[in-house]
Amino acid sequence: MSRKYPNVIITGTPGVGKTTTAQELIEISKSSDSPSSSIPLKHLSVNKIAKEENFYESYDEELQTHVVDEDKLLDHIENLIANGAGEGGWIIDWHVCDIFPERWIDLVVVLRCEDTKTFYERLTSDRKAEGGEKRGYTGRKLQENIDAEIFGVIAEEAKEAWPNEGAVVELISEEAEQIEENAERIWEWCKRWVKDNPRDVDGEEG
Ligand code: ADP
């Protein structure tokens with residue numbers, strides 16, 4: 001592996017706080033004062049890309065959601081990730097993780113909100129999160145997402161796709177303070193990865 005910086009996916013059921021946490025992480029990386037530990041992290045919001053590039057193949061009326069063309073999406077993301085000699089540092093934010101090839105990702109973070117009341121309030125709130133989507137979920141869409149979070153569906157999918165010990169980390173995202181705490185933890189992990197995976201100037205592993 002010749003990446004200079006780690007690629008991280010922040011995943012979890014819609015509404016767990018992926019976008020907010022990814023944005024916080026990018027802010028932390030920008031304000032890092034020590035040049036030796038600076039890592040140029042880049043936010044890759046898959047929802048945003050799918051919308052901007054119109055990678056939709058259909059609309060699911062019952063779940064009130066667009067169905068993403070995964071082949072087009074993967075081709076596009078592969079190009080992005082391969083750019084800059086694949087230097088890495090991508091913070092991918094999406095509720096699906098197991099379509100990505102295992103080798104693209106160095107850490108899988110699954111955010112969890114197991115407190116159903118809190119989660120219900122978040123999904124039914126029609127306040128638009130900064131950079132996020134307007135929710136106000138109802139009906140089957142609401143129920144399916146609540147069930148998915150209760151049963152930890154995405155955490156299971158992640159562990160199946162990244163079976164190596166330590167590849168998948170679950171972090172609780174129920175309280176506001178946890179947004180920063182979780183972003184800090186991911187940031188510390190990124191810095192440690194860079195130290196543990198030195199790369200020489202030719203881009204080979206050190
Ligand atoms: P996702 O990207 O996983 O769909 P968002 O980051 O858009 O989720 O967050 C959904 C809503 O929940 C936003 O209004 C956000 O401010 C709020 N939120 C996310 N995480 C937390 C948390 N740990 N504590 C309180 N509110 C949160």
# chains A, B, ... in the order shown; residues from 1 in each chain; ligands from 1
>>> select_by_dssp(residues="chain A", states="strand (DSSP E or B)", output="ChimeraX atom specification")
/A:5,8-11,42-45,56-60,65-68,88,90-93,107-112,128,134,168-172,199,205
>>> residues_near_ligand(ligand="ligand 1", cutoff="9 Å", atoms="only C-alpha atoms and all ligand atoms", output="count of residues only")
47
>>> atom_distance(atom1="CA of Glu156 (chain A)", atom2="CA of Glu27 (chain A)")
29.4 Å
>>> atom_distance(atom1="CA of His66 (chain A)", atom2="CA of Glu160 (chain A)")
25.4 Å
>>> residues_around(residues="Gly166 (chain A)", least_positions_apart="5", cutoff="12 Å", atoms="only C-alpha atoms", output="MDAnalysis selection string")
chainID A and resid 106:109 158:159 189
>>> closest_residue(among="A:Tyr5, A:Trp162, A:Phe100, A:Tyr137", to="Ile77 (chain A)", atoms="only C-alpha atoms")
A:Phe100
>>> residues_around(residues="Lys191 (chain A)", least_positions_apart="3", cutoff="8 Å", atoms="only C-alpha atoms", output="MDAnalysis selection string")
chainID A and resid 37 39 187:188 194:195
>>> select_by_dssp(residues="region 24-179 of chain A", states="helix (DSSP H, G or I)", output="ChimeraX atom specification")
/A:24-30,35-37,46-52,70-86,102-104,116-124,139-150,153-161,177-179
>>> residues_around(residues="Leu73 (chain A)", least_positions_apart="6", cutoff="10 Å", atoms="only C-alpha atoms", output="list in words")
Val46, Ile49, Ala50, Glu53, Asn54, Phe55 and Tyr56 of chain A
>>> closest_residue(among="A:Pro198, A:Pro163, A:Pro6, A:Gly139", to="Trp90 (chain A)", atoms="only C-alpha atoms")
A:Pro6
>>> atom_distance(atom1="CA of Glu62 (chain A)", atom2="CA of Val153 (chain A)")
20.0 Å
